[in-house]
>>> print(open('model.cif').read())   # mmCIF, C-alpha atoms and all ligand atoms
data_coords
#
loop_
_atom_site.label_atom_id
_atom_site.label_comp_id
_atom_site.auth_asym_id
_atom_site.auth_seq_id
_atom_site.Cartn_x
_atom_site.Cartn_y
_atom_site.Cartn_z
CA LYS A 1 -59.82 45.41 -23.59
CA GLY A 2 -58.88 47.62 -20.67
CA ARG A 3 -58.08 45.62 -17.55
CA VAL A 4 -57.20 48.03 -14.77
CA LEU A 5 -56.32 47.54 -11.12
CA ILE A 6 -56.73 50.53 -8.79
CA ILE A 7 -54.74 50.32 -5.52
CA GLY A 8 -55.82 52.61 -2.66
CA ALA A 9 -59.35 53.32 -1.45
CA GLY A 10 -58.94 56.76 0.10
CA GLY A 11 -60.29 60.06 -1.23
CA VAL A 12 -58.39 59.80 -4.52
CA GLY A 13 -59.15 56.08 -4.94
CA THR A 14 -62.86 56.85 -4.57
CA VAL A 15 -62.73 59.37 -7.42
CA VAL A 16 -60.62 57.12 -9.66
CA ALA A 17 -62.99 54.16 -9.16
CA LYS A 18 -66.03 56.30 -9.99
CA LYS A 19 -64.45 58.02 -13.00
CA VAL A 20 -63.05 54.77 -14.39
CA ALA A 21 -66.55 53.26 -14.10
CA MET A 22 -68.00 56.27 -15.96
CA ASN A 23 -65.65 55.48 -18.85
CA SER A 24 -66.49 51.81 -19.21
CA ASP A 25 -65.94 51.97 -22.98
CA VAL A 26 -62.19 52.27 -22.21
CA PHE A 27 -61.98 50.40 -18.90
CA THR A 28 -63.69 47.07 -19.45
CA ASP A 29 -62.50 45.13 -16.36
CA ILE A 30 -61.99 46.95 -13.09
CA MET A 31 -60.63 45.90 -9.71
CA LEU A 32 -60.21 48.10 -6.63
CA ALA A 33 -57.79 46.78 -3.99
CA SER A 34 -56.54 48.31 -0.75
CA ARG A 35 -55.34 47.51 2.74
CA THR A 36 -58.89 47.65 4.12
CA LYS A 37 -61.20 45.69 1.83
CA SER A 38 -64.39 47.06 3.43
CA LYS A 39 -63.49 50.52 2.07
CA CYS A 40 -63.23 49.07 -1.45
CA ASP A 41 -66.56 47.29 -1.03
CA ALA A 42 -68.27 50.49 0.11
CA ILE A 43 -67.00 52.36 -2.97
CA ALA A 44 -67.91 49.48 -5.30
CA ALA A 45 -71.42 49.28 -3.83
CA ASP A 46 -71.93 52.92 -4.81
CA ILE A 47 -71.13 52.22 -8.46
CA LYS A 48 -74.17 50.93 -10.30
CA ASN A 49 -73.41 50.94 -14.02
CA VAL A 50 -70.59 48.37 -14.00
CA LYS A 51 -69.40 45.60 -11.71
CA ILE A 52 -66.16 46.37 -9.87
CA LYS A 53 -64.18 43.58 -8.25
CA THR A 54 -62.53 44.28 -4.89
CA ALA A 55 -59.63 42.73 -3.02
CA GLN A 56 -57.47 43.11 0.05
CA VAL A 57 -53.78 43.79 -0.56
CA ASP A 58 -50.81 44.92 1.47
CA ALA A 59 -49.00 47.07 -1.07
CA ASP A 60 -45.87 47.14 1.10
CA SER A 61 -45.40 43.48 0.22
CA VAL A 62 -44.18 42.61 -3.30
CA GLU A 63 -45.21 39.01 -2.68
CA ASP A 64 -48.79 39.99 -1.83
CA LEU A 65 -48.96 42.27 -4.88
CA VAL A 66 -47.58 39.58 -7.20
CA ARG A 67 -50.24 37.15 -5.98
CA LEU A 68 -52.96 39.70 -6.71
CA PHE A 69 -51.52 40.65 -10.13
CA ASN A 70 -51.29 37.00 -11.18
CA ASP A 71 -54.86 36.47 -10.09
CA PHE A 72 -56.50 39.51 -11.76
CA LYS A 73 -53.97 39.95 -14.58
CA PRO A 74 -54.31 43.73 -15.03
CA GLU A 75 -52.68 45.50 -17.96
CA LEU A 76 -52.25 48.68 -15.91
CA VAL A 77 -52.08 49.49 -12.20
CA ILE A 78 -53.26 52.91 -11.02
CA ASN A 79 -51.40 53.46 -7.75
CA VAL A 80 -53.36 55.84 -5.51
CA ALA A 81 -52.23 54.31 -2.23
CA LEU A 82 -49.47 56.27 -0.46
CA PRO A 83 -46.06 57.36 -1.81
CA TYR A 84 -44.43 54.75 0.48
CA GLN A 85 -45.79 51.96 -1.76
CA ASP A 86 -44.54 53.23 -5.14
CA LEU A 87 -41.44 51.02 -5.33
CA THR A 88 -43.00 47.79 -4.12
CA ILE A 89 -45.78 48.25 -6.68
CA MET A 90 -43.24 49.02 -9.44
CA ASP A 91 -41.28 45.89 -8.46
CA ALA A 92 -44.41 43.75 -8.67
CA CYS A 93 -45.25 45.34 -12.06
CA LEU A 94 -41.84 44.28 -13.39
CA GLU A 95 -42.25 40.79 -12.03
CA CYS A 96 -45.69 40.30 -13.59
CA GLY A 97 -45.42 42.39 -16.78
CA VAL A 98 -47.88 45.09 -15.71
CA ASN A 99 -47.79 48.79 -16.66
CA TYR A 100 -47.81 51.47 -13.95
CA LEU A 101 -49.26 54.92 -13.17
CA ASP A 102 -49.14 57.00 -9.97
CA THR A 103 -49.83 60.51 -8.63
CA ALA A 104 -46.99 61.08 -6.16
CA ASN A 105 -43.26 60.32 -6.02
CA TYR A 106 -41.85 57.60 -3.81
CA GLU A 107 -41.12 58.63 -0.24
CA PRO A 108 -39.04 56.60 2.20
CA LEU A 109 -40.84 56.36 5.57
CA ASP A 110 -37.99 57.91 7.52
CA GLU A 111 -37.11 60.87 5.27
CA ALA A 112 -39.14 63.65 3.66
CA LYS A 113 -37.44 64.27 0.34
CA PHE A 114 -39.90 64.60 -2.55
CA GLU A 115 -37.34 63.42 -5.10
CA TYR A 116 -37.73 61.30 -8.22
CA HIS A 117 -34.38 59.53 -8.32
CA TRP A 118 -35.64 56.31 -6.74
CA GLN A 119 -38.28 55.92 -9.43
CA TRP A 120 -36.17 57.23 -12.32
CA ALA A 121 -33.72 54.44 -11.45
CA TYR A 122 -36.35 51.98 -12.84
CA GLN A 123 -35.99 53.47 -16.36
CA GLU A 124 -33.85 50.68 -17.85
CA ARG A 125 -35.81 47.86 -16.25
CA PHE A 126 -39.17 49.13 -17.54
CA LYS A 127 -37.65 49.77 -20.95
CA GLU A 128 -36.20 46.27 -21.22
CA ALA A 129 -39.49 44.75 -20.08
CA GLY A 130 -41.38 46.81 -22.72
CA LEU A 131 -43.53 48.35 -19.97
CA THR A 132 -44.73 51.93 -19.48
CA ALA A 133 -44.53 53.73 -16.13
CA ILE A 134 -46.34 57.09 -15.95
CA LEU A 135 -45.24 59.14 -12.93
CA GLY A 136 -47.07 61.95 -11.17
CA CYS A 137 -50.42 62.00 -12.98
CA GLY A 138 -52.57 63.89 -10.46
CA PHE A 139 -53.14 67.66 -10.57
CA ASP A 140 -49.85 68.89 -9.15
CA PRO A 141 -47.80 66.99 -10.13
CA GLY A 142 -49.76 66.03 -13.19
CA VAL A 143 -51.97 68.61 -14.84
CA THR A 144 -49.52 71.40 -13.98
CA ASN A 145 -46.79 69.49 -15.89
CA ILE A 146 -49.18 68.99 -18.82
CA PHE A 147 -50.22 72.68 -18.74
CA THR A 148 -46.50 73.54 -19.01
CA ALA A 149 -46.02 71.09 -21.90
CA HIS A 150 -49.09 72.55 -23.64
CA ALA A 151 -47.74 76.09 -23.22
CA ALA A 152 -44.31 75.08 -24.56
CA LYS A 153 -45.86 73.26 -27.52
CA HIS A 154 -48.48 75.81 -28.59
CA HIS A 155 -47.73 79.24 -27.18
CA PHE A 156 -43.98 79.74 -26.76
CA ASP A 157 -40.73 79.25 -28.60
CA GLU A 158 -38.97 79.25 -25.23
CA ILE A 159 -40.39 79.29 -21.73
CA HIS A 160 -38.25 81.20 -19.23
CA TYR A 161 -40.23 81.75 -16.02
CA LEU A 162 -42.71 79.31 -14.54
CA ASP A 163 -44.81 79.86 -11.43
CA ILE A 164 -47.22 77.10 -10.45
CA VAL A 165 -49.96 78.60 -8.30
CA ASP A 166 -52.17 76.37 -6.18
CA CYS A 167 -55.10 77.96 -4.36
CA ASN A 168 -57.64 76.15 -2.26
CA ALA A 169 -60.31 78.72 -1.48
CA GLY A 170 -62.60 76.08 -0.07
CA ASP A 171 -64.01 75.84 3.44
CA HIS A 172 -64.57 72.42 5.04
CA HIS A 173 -65.90 74.01 8.28
CA LYS A 174 -63.43 72.12 10.50
CA ALA A 175 -60.91 73.84 12.79
CA PHE A 176 -58.06 71.90 11.20
CA ALA A 177 -57.97 69.22 8.54
CA THR A 178 -55.72 68.36 5.62
CA ASN A 179 -57.13 67.84 2.14
CA PHE A 180 -55.19 64.70 1.42
CA ASN A 181 -53.22 62.25 3.48
CA PRO A 182 -52.15 64.34 6.54
CA GLU A 183 -48.75 62.71 6.82
CA ILE A 184 -47.74 63.56 3.27
CA ASN A 185 -49.39 66.98 3.43
CA ILE A 186 -47.69 68.05 6.66
CA ARG A 187 -44.33 66.68 5.52
CA GLU A 188 -44.62 68.73 2.33
CA ILE A 189 -45.43 72.00 4.06
CA THR A 190 -43.06 71.80 7.02
CA GLN A 191 -39.97 71.05 4.94
CA LYS A 192 -37.72 73.87 3.69
CA GLY A 193 -38.85 75.78 0.62
CA LYS A 194 -36.85 75.46 -2.59
CA TYR A 195 -36.97 76.93 -6.09
CA TRP A 196 -34.96 76.82 -9.29
CA GLU A 197 -33.05 79.88 -10.50
CA ASP A 198 -30.23 80.26 -13.03
CA GLY A 199 -29.33 76.59 -13.08
CA LYS A 200 -29.40 75.89 -9.35
CA TRP A 201 -31.72 75.24 -6.42
CA ILE A 202 -32.21 77.98 -3.86
CA GLU A 203 -33.38 76.93 -0.41
CA THR A 204 -35.62 78.99 1.87
CA GLU A 205 -36.96 78.53 5.38
CA PRO A 206 -40.47 77.01 5.51
CA GLN A 207 -43.05 79.71 4.53
CA GLU A 208 -40.26 82.33 4.38
CA ILE A 209 -41.34 83.78 1.03
CA HIS A 210 -44.96 84.76 0.54
CA LYS A 211 -46.99 87.11 -1.59
CA THR A 212 -50.61 88.05 -2.18
CA LEU A 213 -51.76 86.66 -5.51
CA ASN A 214 -55.11 87.11 -7.24
CA TYR A 215 -56.89 83.95 -8.31
CA PRO A 216 -59.68 83.88 -10.91
CA GLU A 217 -63.21 83.91 -9.37
CA VAL A 218 -61.54 83.78 -5.93
CA GLY A 219 -59.68 87.04 -5.43
CA PRO A 220 -56.55 87.78 -3.40
CA ARG A 221 -55.02 85.01 -1.27
CA GLU A 222 -51.72 84.89 0.62
CA SER A 223 -49.53 82.41 -1.26
CA TYR A 224 -46.42 80.71 0.15
CA LEU A 225 -43.44 79.49 -1.81
CA LEU A 226 -42.76 75.83 -1.16
CA TYR A 227 -40.95 72.99 -2.86
CA HIS A 228 -43.12 70.71 -4.93
CA GLU A 229 -41.93 67.61 -6.72
CA GLU A 230 -42.92 68.60 -10.27
CA LEU A 231 -40.24 71.32 -10.21
CA GLU A 232 -37.59 68.59 -10.43
CA SER A 233 -38.87 66.98 -13.62
CA LEU A 234 -40.00 70.23 -15.26
CA THR A 235 -36.62 71.94 -14.89
CA LYS A 236 -35.01 68.82 -16.36
CA ASN A 237 -37.45 68.48 -19.26
CA PHE A 238 -37.65 72.22 -20.05
CA PRO A 239 -34.01 73.33 -19.80
CA THR A 240 -34.85 76.84 -21.11
CA LEU A 241 -36.42 77.60 -17.71
CA ARG A 242 -34.48 80.31 -15.91
CA ARG A 243 -36.68 80.18 -12.84
CA ALA A 244 -39.35 77.77 -11.63
CA ARG A 245 -41.31 78.17 -8.42
CA PHE A 246 -44.36 76.71 -6.69
CA TRP A 247 -46.86 78.67 -4.56
CA MET A 248 -49.68 77.43 -2.35
CA THR A 249 -52.28 79.37 -0.41
CA PHE A 250 -52.80 78.86 3.31
CA GLY A 251 -55.14 80.58 5.73
CA GLN A 252 -53.86 82.02 9.03
CA GLU A 253 -55.83 79.45 11.03
CA TYR A 254 -54.21 76.60 9.16
CA LEU A 255 -50.70 77.98 9.66
CA THR A 256 -51.31 78.58 13.36
CA HIS A 257 -52.47 74.98 13.88
CA LEU A 258 -49.51 73.76 11.90
CA ARG A 259 -47.07 75.80 13.98
CA VAL A 260 -48.48 74.41 17.21
CA ILE A 261 -48.44 70.84 15.86
CA GLN A 262 -44.78 71.28 14.96
CA ASN A 263 -43.79 73.01 18.19
CA ILE A 264 -45.23 70.23 20.31
CA GLY A 265 -43.50 67.57 18.21
CA MET A 266 -46.59 66.03 16.65
CA ALA A 267 -45.35 66.55 13.07
CA SER A 268 -42.26 64.42 13.68
CA ILE A 269 -41.57 61.38 11.49
CA VAL A 270 -39.01 60.05 13.98
CA PRO A 271 -40.40 57.07 15.96
CA ILE A 272 -40.75 57.43 19.73
CA MET A 273 -41.48 54.89 22.47
CA TYR A 274 -45.00 55.13 23.89
CA GLU A 275 -46.22 52.71 26.55
CA GLY A 276 -43.73 50.09 25.47
CA ARG A 277 -44.30 50.31 21.72
CA GLU A 278 -42.84 52.41 18.97
CA ILE A 279 -45.12 55.02 17.39
CA VAL A 280 -44.49 57.77 14.82
CA PRO A 281 -46.02 61.03 16.12
CA ILE A 282 -47.33 62.17 12.73
CA GLN A 283 -48.96 58.78 12.16
CA PHE A 284 -50.70 59.06 15.52
CA LEU A 285 -51.78 62.60 14.59
CA LYS A 286 -53.30 61.24 11.36
CA ALA A 287 -55.43 58.88 13.40
CA VAL A 288 -57.06 61.75 15.31
CA LEU A 289 -57.46 64.24 12.44
CA PRO A 290 -60.53 64.26 10.17
CA ASP A 291 -60.28 61.72 7.33
CA PRO A 292 -59.66 63.73 4.12
CA GLY A 293 -61.99 61.35 2.31
CA GLU A 294 -64.85 62.40 4.59
CA LEU A 295 -64.47 66.17 4.22
CA GLY A 296 -66.65 66.44 1.14
CA GLU A 297 -70.11 66.76 2.60
CA ASN A 298 -70.06 70.38 3.76
CA TYR A 299 -67.14 71.58 1.68
CA THR A 300 -67.91 74.88 -0.07
CA GLY A 301 -65.84 77.09 -2.37
CA GLN A 302 -63.39 76.08 -5.04
CA THR A 303 -59.79 75.26 -5.91
CA SER A 304 -57.89 77.25 -8.53
CA ILE A 305 -54.63 75.75 -9.77
CA GLY A 306 -52.61 76.84 -12.75
CA CYS A 307 -49.34 77.88 -14.36
CA ARG A 308 -48.17 81.46 -14.89
CA ILE A 309 -45.53 81.52 -17.58
CA ARG A 310 -43.28 84.13 -19.17
CA GLY A 311 -41.17 83.48 -22.25
CA ILE A 312 -40.55 84.28 -25.88
CA LYS A 313 -42.80 83.84 -28.90
CA ASP A 314 -41.69 85.10 -32.34
CA GLY A 315 -38.94 87.16 -30.77
CA LYS A 316 -41.31 88.96 -28.38
CA GLU A 317 -41.89 88.50 -24.67
CA ARG A 318 -45.25 87.00 -23.80
CA THR A 319 -47.09 86.20 -20.57
CA TYR A 320 -49.57 83.37 -20.22
CA TYR A 321 -51.79 81.96 -17.47
CA ILE A 322 -53.55 78.62 -17.76
CA TYR A 323 -55.73 77.32 -14.93
CA ASN A 324 -58.61 75.20 -13.80
CA ASN A 325 -61.11 76.06 -11.09
CA CYS A 326 -62.89 73.16 -9.42
CA SER A 327 -65.90 73.46 -7.11
CA HIS A 328 -65.81 71.25 -4.01
CA GLU A 329 -69.60 71.01 -4.04
CA ALA A 330 -69.77 69.90 -7.66
CA ALA A 331 -67.00 67.34 -7.05
CA TYR A 332 -68.90 65.97 -4.06
CA LYS A 333 -72.17 65.78 -5.97
CA GLU A 334 -70.56 63.80 -8.76
CA THR A 335 -68.26 61.46 -6.80
CA GLY A 336 -68.89 61.83 -3.05
CA ALA A 337 -65.36 63.27 -2.61
CA GLN A 338 -64.07 66.82 -2.16
CA GLY A 339 -62.27 68.91 -4.77
CA VAL A 340 -58.67 67.99 -3.88
CA SER A 341 -59.40 64.27 -4.25
CA TYR A 342 -61.35 65.06 -7.42
CA THR A 343 -58.62 67.15 -9.05
CA THR A 344 -56.19 64.28 -8.38
CA GLY A 345 -58.40 61.33 -9.31
CA VAL A 346 -59.71 62.71 -12.61
CA PRO A 347 -56.21 63.26 -14.14
CA ALA A 348 -55.12 59.79 -12.95
CA THR A 349 -58.13 58.36 -14.79
CA ILE A 350 -57.34 60.37 -17.93
CA GLY A 351 -53.69 59.24 -17.81
CA ALA A 352 -54.88 55.63 -17.65
CA MET A 353 -57.21 56.35 -20.56
CA MET A 354 -54.26 57.76 -22.57
CA PHE A 355 -52.43 54.51 -21.88
CA PHE A 356 -55.27 52.22 -22.96
CA LYS A 357 -55.90 54.28 -26.09
CA GLY A 358 -52.25 53.70 -27.00
CA LEU A 359 -51.50 57.45 -26.96
CA TRP A 360 -49.22 57.40 -23.93
CA ARG A 361 -47.46 54.10 -24.25
CA LYS A 362 -43.71 53.76 -24.58
CA PRO A 363 -41.29 51.47 -22.75
CA GLY A 364 -39.62 53.24 -19.83
CA VAL A 365 -40.37 55.53 -16.89
CA PHE A 366 -41.78 58.97 -17.76
CA ASN A 367 -43.09 62.12 -16.16
CA VAL A 368 -46.29 63.27 -17.81
CA GLU A 369 -44.78 66.28 -19.62
CA GLU A 370 -42.81 63.80 -21.75
CA PHE A 371 -46.01 62.68 -23.52
CA ASP A 372 -48.17 64.55 -26.05
CA PRO A 373 -50.33 66.94 -23.99
CA ASP A 374 -53.05 67.42 -26.67
CA PRO A 375 -55.28 64.35 -26.17
CA PHE A 376 -55.00 64.75 -22.39
CA MET A 377 -55.99 68.44 -22.55
CA GLU A 378 -59.03 67.50 -24.64
CA GLN A 379 -60.14 64.94 -22.03
CA LEU A 380 -59.74 67.43 -19.14
CA ASN A 381 -62.55 69.45 -20.71
CA LYS A 382 -64.71 66.35 -21.10
CA GLN A 383 -64.08 64.71 -17.73
CA GLY A 384 -64.89 67.61 -15.40
CA LEU A 385 -61.73 69.75 -15.21
CA PRO A 386 -62.12 72.43 -17.91
CA TRP A 387 -59.20 74.81 -18.36
CA HIS A 388 -58.93 78.48 -19.28
CA GLU A 389 -56.16 80.58 -20.80
CA LEU A 390 -55.25 84.25 -20.37
CA PHE A 391 -52.67 85.96 -22.58
CA ASP A 392 -50.45 88.99 -22.04
CA ILE A 393 -51.65 89.81 -18.54
CA ASP A 394 -49.84 91.00 -15.42
CA LEU A 395 -48.64 87.77 -13.80
CA GLU A 396 -47.96 89.52 -10.44
CA LEU A 397 -44.72 87.51 -10.22
P1 LIG A 401 -55.73 58.52 1.72
O1 LIG A 401 -54.89 58.46 2.93
O2 LIG A 401 -57.13 59.04 1.80
O3 LIG A 401 -55.82 57.05 1.05
C1 LIG A 401 -54.74 56.22 0.91
C2 LIG A 401 -55.26 54.80 0.66
O4 LIG A 401 -54.14 53.93 0.49
C3 LIG A 401 -56.07 54.25 1.82
O5 LIG A 401 -57.20 53.57 1.32
C4 LIG A 401 -55.09 53.30 2.49
O6 LIG A 401 -55.68 52.19 3.13
C5 LIG A 401 -54.32 52.80 1.31
N1 LIG A 401 -53.06 52.23 1.75
C6 LIG A 401 -52.13 52.78 2.57
N2 LIG A 401 -51.12 51.93 2.79
C7 LIG A 401 -51.43 50.81 2.09
C8 LIG A 401 -50.78 49.57 1.93
N3 LIG A 401 -49.61 49.29 2.52
N4 LIG A 401 -51.38 48.63 1.15
C9 LIG A 401 -52.55 48.88 0.55
N5 LIG A 401 -53.21 50.05 0.66
C10 LIG A 401 -52.65 50.99 1.43
O7 LIG A 401 -54.91 59.37 0.65
P2 LIG A 401 -55.47 60.15 -0.64
O8 LIG A 401 -56.50 59.33 -1.33
O9 LIG A 401 -55.79 61.53 -0.27
O10 LIG A 401 -54.15 60.20 -1.55
C11 LIG A 401 -53.74 59.11 -2.34
C12 LIG A 401 -52.45 59.45 -3.07
O11 LIG A 401 -52.63 60.56 -3.92
C13 LIG A 401 -51.28 59.81 -2.14
O12 LIG A 401 -50.11 59.20 -2.65
C14 LIG A 401 -51.17 61.31 -2.28
O13 LIG A 401 -49.86 61.76 -2.04
C15 LIG A 401 -51.56 61.48 -3.72
N6 LIG A 401 -52.04 62.86 -4.03
C16 LIG A 401 -51.57 63.46 -5.17
C17 LIG A 401 -51.99 64.73 -5.50
C18 LIG A 401 -51.56 65.35 -6.79
O14 LIG A 401 -52.11 66.38 -7.19
N7 LIG A 401 -50.62 64.81 -7.53
C19 LIG A 401 -52.90 65.50 -4.63
C20 LIG A 401 -53.42 64.74 -3.52
C21 LIG A 401 -52.98 63.48 -3.23
P3 LIG A 401 -56.47 52.32 4.56
O15 LIG A 401 -57.82 52.79 4.16
O16 LIG A 401 -56.46 50.95 5.10
O17 LIG A 401 -55.70 53.31 5.39
#
>>> encode(input="model.cif", output="structure tokens")
Amino acid sequence: KGRVLIIGAGGVGTVVAKKVAMNSDVFTDIMLASRTKSKCDAIAADIKNVKIKTAQVDADSVEDLVRLFNDFKPELVINVALPYQDLTIMDACLECGVNYLDTANYEPLDEAKFEYHWQWAYQERFKEAGLTAILGCGFDPGVTNIFTAHAAKHHFDEIHYLDIVDCNAGDHHKAFATNFNPEINIREITQKGKYWEDGKWIETEPQEIHKTLNYPEVGPRESYLLYHEELESLTKNFPTLRRARFWMTFGQEYLTHLRVIQNIGMASIVPIMYEGREIVPIQFLKAVLPDPGELGENYTGQTSIGCRIRGIKDGKERTYYIYNNCSHEAAYKETGAQGVSYTTGVPATIGAMMFFKGLWRKPGVFNVEEFDPDPFMEQLNKQGLPWHELFDIDLEL
């Protein structure tokens, strides 16, 4: 029996609900819960092959979550709400004996940190309770960690240089929109850049380091070094890494909008008083920007995300590039969501599948590279995110 509770009914939640329903041999009882129940009902109404229960929940409230968990009695929660809810959901899991999976690290509302320590601090409690917590099981973090684990297991004796390259060559035909939750997205891009070299973190100004990289089936795109949360767990779990960096492509239009948004103070996470009530500028901005979940309809082009790795195999230096390309149009056709939601929701579903099949199940809190990558890699090919490998090529980095 696979009793699963999905929390969050945004772009990613839509994909998870649909993919979970497509794998009803593994997921036998499904509930979708979120802050706005009507969004869950709309997604559930679109799913014909199995019946999905829906519920309203405030995931900021442990009490509310506990009530829901005791009512539905899930074995696993897939958390695709926002990073702010990670800890309350983990607390409720401990209280009710439920296993946990998410796609983004916990973020306090008033700081933009992208650090794992809050969640890693649950290690002993999950272990003692005999419960599994799987952290960061989207695409990046998620598949990029698993790609790295796959490379380390099958193609290298030691990995030395890792560059995660994330290209969105899609066009949503809007002047400015973010591909996932705007608050989290803008926080991530406007913070300082950071990478790992020779045993320490090196900080850069936002977008200070950039380079033109060539992406398969896409071509050259300007790529900007930024800090991304999987670098923290990967450098810890693969201590042979001498350098680890993360690159993401941005168009000029996007960067110009972003600069203006920042300059006028709209990217701020510090509350201000407005007409007698406190508002957070970036939360107000979110309310006026296009909903990432609604971008799918006219989205063309594709994403291309992968890992470029240099290291040693049998005493010789080797280069290796593993990647997936995902078409926004194909993602929309299959799930009604765009490629960024798709590339996050499919891995979350596969991670949950690994749990229910008993392949990724051990008491404690783990990042995905700490599990066996093989069965996950096999499912990526079956569930819509096929991967490709290139050996001994110029990595450009
Ligand atoms: P959306 O903003 O589209 O959706 C978030 C959903 O969570 C909404 O349905 C929202 O409800 C719900 N929610 C927010 N607060 C609460 C709450 N207190 N209680 C219950 N539900 C709540 O975001 P996305 O779907 O784009 O992203 C979901 C998650 O996936 C995020 O954590 C994001 O960081 C992560 N992500 C990870 C990626 C990866 O590769 N690892 C890539 C992209 C995203 P409402 O509808 O009422 O607002």
>>> residues_around(input="model.cif", residues="Leu76 in chain A", least_positions_apart="3", cutoff="6 Å", atoms="all atoms listed in the file", output="VMD selection string")
chain A and resid 4 98 to 100
>>> residues_around(input="model.cif", residues="Lys37 in chain A", least_positions_apart="6", cutoff="10 Å", atoms="only C-alpha atoms", output="PyMOL selection string")
chain A and resi 8-9+54-57
>>> closest_residue(input="model.cif", among="A:Leu390, A:Leu225, A:Ile261, A:Met354", to="Pro375 in chain A", atoms="only C-alpha atoms")
A:Met354
>>> closest_residue(input="model.cif", among="A:Val62, A:Ile43, A:Val143, A:Val80", to="ligand LIG 401 (chain A)", atoms="all atoms listed in the file")
A:Val80
>>> closest_residue(input="model.cif", among="A:Thr240, A:Asn49, A:Thr212, A:Thr344", to="ligand LIG 401 (chain A)", atoms="all atoms listed in the file")
A:Thr344
>>> residues_around(input="model.cif", residues="Arg361 in chain A", least_positions_apart="5", cutoff="12 Å", atoms="only C-alpha atoms", output="MDAnalysis selection string")
chainID A and resid 75:76 99:101 126:127 130:134 351:356 366 368 370:372
>>> closest_residue(input="model.cif", among="A:Lys174, A:Arg35, A:Arg67, A:Lys316", to="ligand LIG 401 (chain A)", atoms="only C-alpha atoms and all ligand atoms")
A:Arg35
>>> closest_residue(input="model.cif", among="A:Ala59, A:Met31, A:Leu255, A:Val218", to="ligand LIG 401 (chain A)", atoms="all atoms listed in the file")
A:Ala59
>>> residues_near_ligand(input="model.cif", ligand="ligand LIG 401 (chain A)", cutoff="7 Å", atoms="all atoms listed in the file", output="PyMOL selection string")
chain A and resi 7-13+34-36+39+57-60+80-83+85+103-104+136-142+179-181+184+291-293+340-341+343-344
